[in-house]
Amino acid sequence: MIICAYCAHKNREGLLFCEQCGNPLTSDVSSATVPTRQLEDSLGDLSARATWGSASFSGASAIVLHIRDASEPVTVSLAERLVFGRSDNTSPRQPDVDLTPFGALEKGVSRIHAAIERSEDVLTLVDMGSSNGTHLNGQRLSPEVPRVLRDGDEVRFGKLVTHIYFK
Amino acid sequence: MTWNKNPYNVLGVSSQATGEEIKSAYRRIARRLHPDVNPDSRAAATQFQDVANAYEILSDSLRRRSYDERAREQAESDEDYYFTLQITTSKRTIVPLPEPQVIYLLADIFADPRAVGDAGKKRQSKLNLTLVLDRSNSMSGARIEKVKVAAHQIIDNMDNGDIISVISFNDRAEIIIPATEVGDRPALKARVSMISPSGGTEIFRGLSDGVRQNRTYSGPRLVNHVILLTDGHTFGDQEQCLELADEAAKEGIGISAMGLGHDWNDNFLDDLVSRTGGNSMYVSSANAVVEFLNTQVKNLSNAFAERVYLSVATDPDVQFESAFKLSPHPQPLEVGDGVIPVGSLQANRPITVLLQFQLPGGMKDGFRYIARLVASGDILSNKKQNYEMISDFSSEVTNEPSNDEPPAAILDALSKLTLYRLQERAQQALENGDVTEATKRLQNLATRLLEMGQKDLANQALSEARRVAYTSDLSDKGRKTLKYQTRYLLMSPDEDNA
């Protein structure tokens, strides 16, 4: 099985392009893990991308959120699925991670904004139809389309910026 | 019909092989192709029959000697090369895995330069062409006029001695030009000019008359081809049309189809032509008709071999999943029973087919066979009929894989074919009522198209994605644009210049 490094779709061994999103699959069996060094080599001067870390989440069990303008990093232990949003007593669904203390309302975070999902050894970030969108490393995600999350990625919920590290 | 293939080739043994070698070669191949283990494959059944015939000859010393003598007498003519079948694989060695895995084969069929060479640049084929033209009401105006211009040019460009027939149809069919040798061009063209649009669209009427006209001259040394041009849906007679296509294929008549505008049934026309190895095309504007038709006819008149079939018999534990013709014209192929019509082979351009197989989990180490591929066809310049090339494809299963990149040709083709498959999957998702999935796939398609620099097509995909999200359906135009434009991405660069 090859896990697409882009959308985390599980493809059969031997396929060369992801059946879900059409991106090329590397023949390397551990394709989902791209060592930082290798990325630096292949991407050369794209220093912004060189900060991308490993996508492998095996062994780790928690993520750390470094929210901009917040004094302390937040550590969250990860189950199958972690919903980010803004707690609101009137809504029937509550998020797993409430971003209200970090100015979620002013920064345009939806009540149910996005989720981090765990599939095999890979984490994916998926926007759940938020009003102001979810950005991964500056790129806006299409709703309901999962993208692979790497160690150190910048995620923006509305205008709320955070960096996510694996622990 | 007497069986006249080369039994040594069929069994894959040298002409000096001993009886023992012949027997073991026969057993090895027969085990793989036996109908009992390949119940649904006509390819395996016919190939098995050939192997059995070959063994029957070679295992009998008297018959073998008489075959050898006959072969020596005909040595010069029989040892001729006409075309070659070359197989490239996505991986040279296979790592044994507990789970199934996919492997791609690229089959290239190309005319042998030695065979093309003697005839030089001269045309080798004689055309037997039938145009079946829609003259329903919707063809009024620019459409019908452009079609007439195209038909005139075709008549001008055909050689004396080529055969033309023209049918026009709405809810009835009318024979404009009965099958006749091209001679008095002004008279033929004048008849085409008389076509005037009215009425509805019933394809079967036109098509059946077209096939009938084509049949009056059809023969093994001609390129027999019917080109259907329509701009509308046909109702209730699709099944009849498909049956007719099957019949035509058996008689060696190819059918290509051109859909004009966006109000016609693409799935039906794709199915229709794939049964005969023909092409289907989407012509969005009337202006493009002239060029499209002329290119199509030009390609037909370049034919070196006709009625080319690729017969694919996999080993019993291998699954044949899909086939796509990359060259000369990008066209999805039906896997069906393993015997796939791939149309005509041009002297200067190969037929290239990309095949996808699934290998089973738990394979043992060592060399193993995956499939036997047989390319067959009629050579036009020559009286050689049903010439064939056999290729037994095998690969090594080992835990020490070669870390080669897949060949560039396969990677390149797949990078584009993946886009075609994405739009196909989006449409499948829609048919299953899964709007979210369809939207997602269209968005992915748009992203990939943008990365490839196909900006217009990417925008089209994106606007269709939006449309699907709101209306749960694609627009007729968008659907066809995505389907045929992603297909045309696979067109080889030299075709763009042509």
# chains A, B, ... in the order shown; residues from 1 in each chain; ligands from 1
>>> residues_around(residues="Gly183 of chain B", least_positions_apart="6", cutoff="10 Å", atoms="only C-alpha atoms", output="MDAnalysis selection string")
chainID B and resid 155:156 158:164
>>> write_last_selection(atoms="N, CA and C atoms", output="tab-separated table (two decimals), in the first residue's frame")
chain	number	residue	atom	x	y	z
B	155	ILE	N	-13.38	14.53	-50.69
B	155	ILE	CA	-13.52	14.00	-52.05
B	155	ILE	C	-12.35	14.47	-52.92
B	156	ASP	N	-11.95	15.74	-52.75
B	156	ASP	CA	-10.82	16.26	-53.52
B	156	ASP	C	-9.53	15.52	-53.20
B	158	MET	N	-9.08	12.49	-52.00
B	158	MET	CA	-9.01	11.04	-52.21
B	158	MET	C	-8.42	10.76	-53.58
B	159	ASP	N	-7.76	9.61	-53.69
B	159	ASP	CA	-7.15	9.24	-54.96
B	159	ASP	C	-8.20	8.62	-55.88
B	160	ASN	N	-7.92	8.68	-57.17
B	160	ASN	CA	-8.76	7.93	-58.10
B	160	ASN	C	-8.68	6.46	-57.73
B	161	GLY	N	-9.83	5.84	-57.72
B	161	GLY	CA	-9.81	4.42	-57.38
B	161	GLY	C	-10.19	4.17	-55.93
B	162	ASP	N	-10.03	5.18	-55.07
B	162	ASP	CA	-10.57	5.05	-53.72
B	162	ASP	C	-12.09	4.98	-53.84
B	163	ILE	N	-12.71	4.44	-52.80
B	163	ILE	CA	-14.17	4.30	-52.87
B	163	ILE	C	-14.83	5.18	-51.83
B	164	ILE	N	-15.85	5.89	-52.28
B	164	ILE	CA	-16.56	6.77	-51.35
B	164	ILE	C	-18.04	6.47	-51.39
>>> residues_around(residues="Asp96 of chain A", least_positions_apart="5", cutoff="9 Å", atoms="only C-alpha atoms", output="ChimeraX atom specification")
/A:81-85
>>> write_last_selection(atoms="N, CA and C atoms", output="PDB file, in the first residue's frame")
ATOM      1  N   ARG A  81      -9.742  11.460  15.706  1.00  0.00           N
ATOM      2  CA  ARG A  81     -10.183  12.661  15.018  1.00  0.00           C
ATOM      3  C   ARG A  81     -10.309  13.794  16.027  1.00  0.00           C
ATOM      4  N   LEU A  82      -9.815  14.933  15.639  1.00  0.00           N
ATOM      5  CA  LEU A  82      -9.786  16.067  16.542  1.00  0.00           C
ATOM      6  C   LEU A  82     -10.412  17.253  15.824  1.00  0.00           C
ATOM      7  N   VAL A  83     -11.546  17.713  16.330  1.00  0.00           N
ATOM      8  CA  VAL A  83     -12.237  18.818  15.654  1.00  0.00           C
ATOM      9  C   VAL A  83     -11.859  20.147  16.305  1.00  0.00           C
ATOM     10  N   PHE A  84     -11.456  21.097  15.476  1.00  0.00           N
ATOM     11  CA  PHE A  84     -11.111  22.436  15.947  1.00  0.00           C
ATOM     12  C   PHE A  84     -12.271  23.380  15.687  1.00  0.00           C
ATOM     13  N   GLY A  85     -12.492  24.293  16.636  1.00  0.00           N
ATOM     14  CA  GLY A  85     -13.569  25.250  16.410  1.00  0.00           C
ATOM     15  C   GLY A  85     -13.717  26.183  17.600  1.00  0.00           C
TER      16      GLY A  85
END
>>> interface_residues(of="chain A", to="chain B", cutoff="12 Å", atoms="only C-alpha atoms", output="number ranges by chain")
A: 1-2, 6-7, 11-29, 129, 139-147
>>> residues_around(residues="Ser131 of chain A", least_positions_apart="4", cutoff="8 Å", atoms="only C-alpha atoms", output="MDAnalysis selection string")
chainID A and resid 108:110 113 158
>>> write_last_selection(atoms="N, CA and C atoms", output="PDB file, in the first residue's frame")
ATOM      1  N   GLY A 108     -12.410  35.056  13.293  1.00  0.00           N
ATOM      2  CA  GLY A 108     -13.239  34.412  12.277  1.00  0.00           C
ATOM      3  C   GLY A 108     -13.131  32.898  12.233  1.00  0.00           C
ATOM      4  N   VAL A 109     -13.009  32.275  13.415  1.00  0.00           N
ATOM      5  CA  VAL A 109     -13.024  30.816  13.437  1.00  0.00           C
ATOM      6  C   VAL A 109     -14.478  30.349  13.516  1.00  0.00           C
ATOM      7  N   SER A 110     -14.831  29.375  12.712  1.00  0.00           N
ATOM      8  CA  SER A 110     -16.200  28.866  12.740  1.00  0.00           C
ATOM      9  C   SER A 110     -16.389  27.961  13.947  1.00  0.00           C
ATOM     10  N   HIS A 113     -14.788  24.125  12.618  1.00  0.00           N
ATOM     11  CA  HIS A 113     -13.944  24.749  11.597  1.00  0.00           C
ATOM     12  C   HIS A 113     -13.159  23.725  10.762  1.00  0.00           C
ATOM     13  N   GLY A 158      -9.251  30.640   9.753  1.00  0.00           N
ATOM     14  CA  GLY A 158      -9.677  32.028   9.597  1.00  0.00           C
ATOM     15  C   GLY A 158      -8.437  32.914   9.628  1.00  0.00           C
TER      16      GLY A 158
END
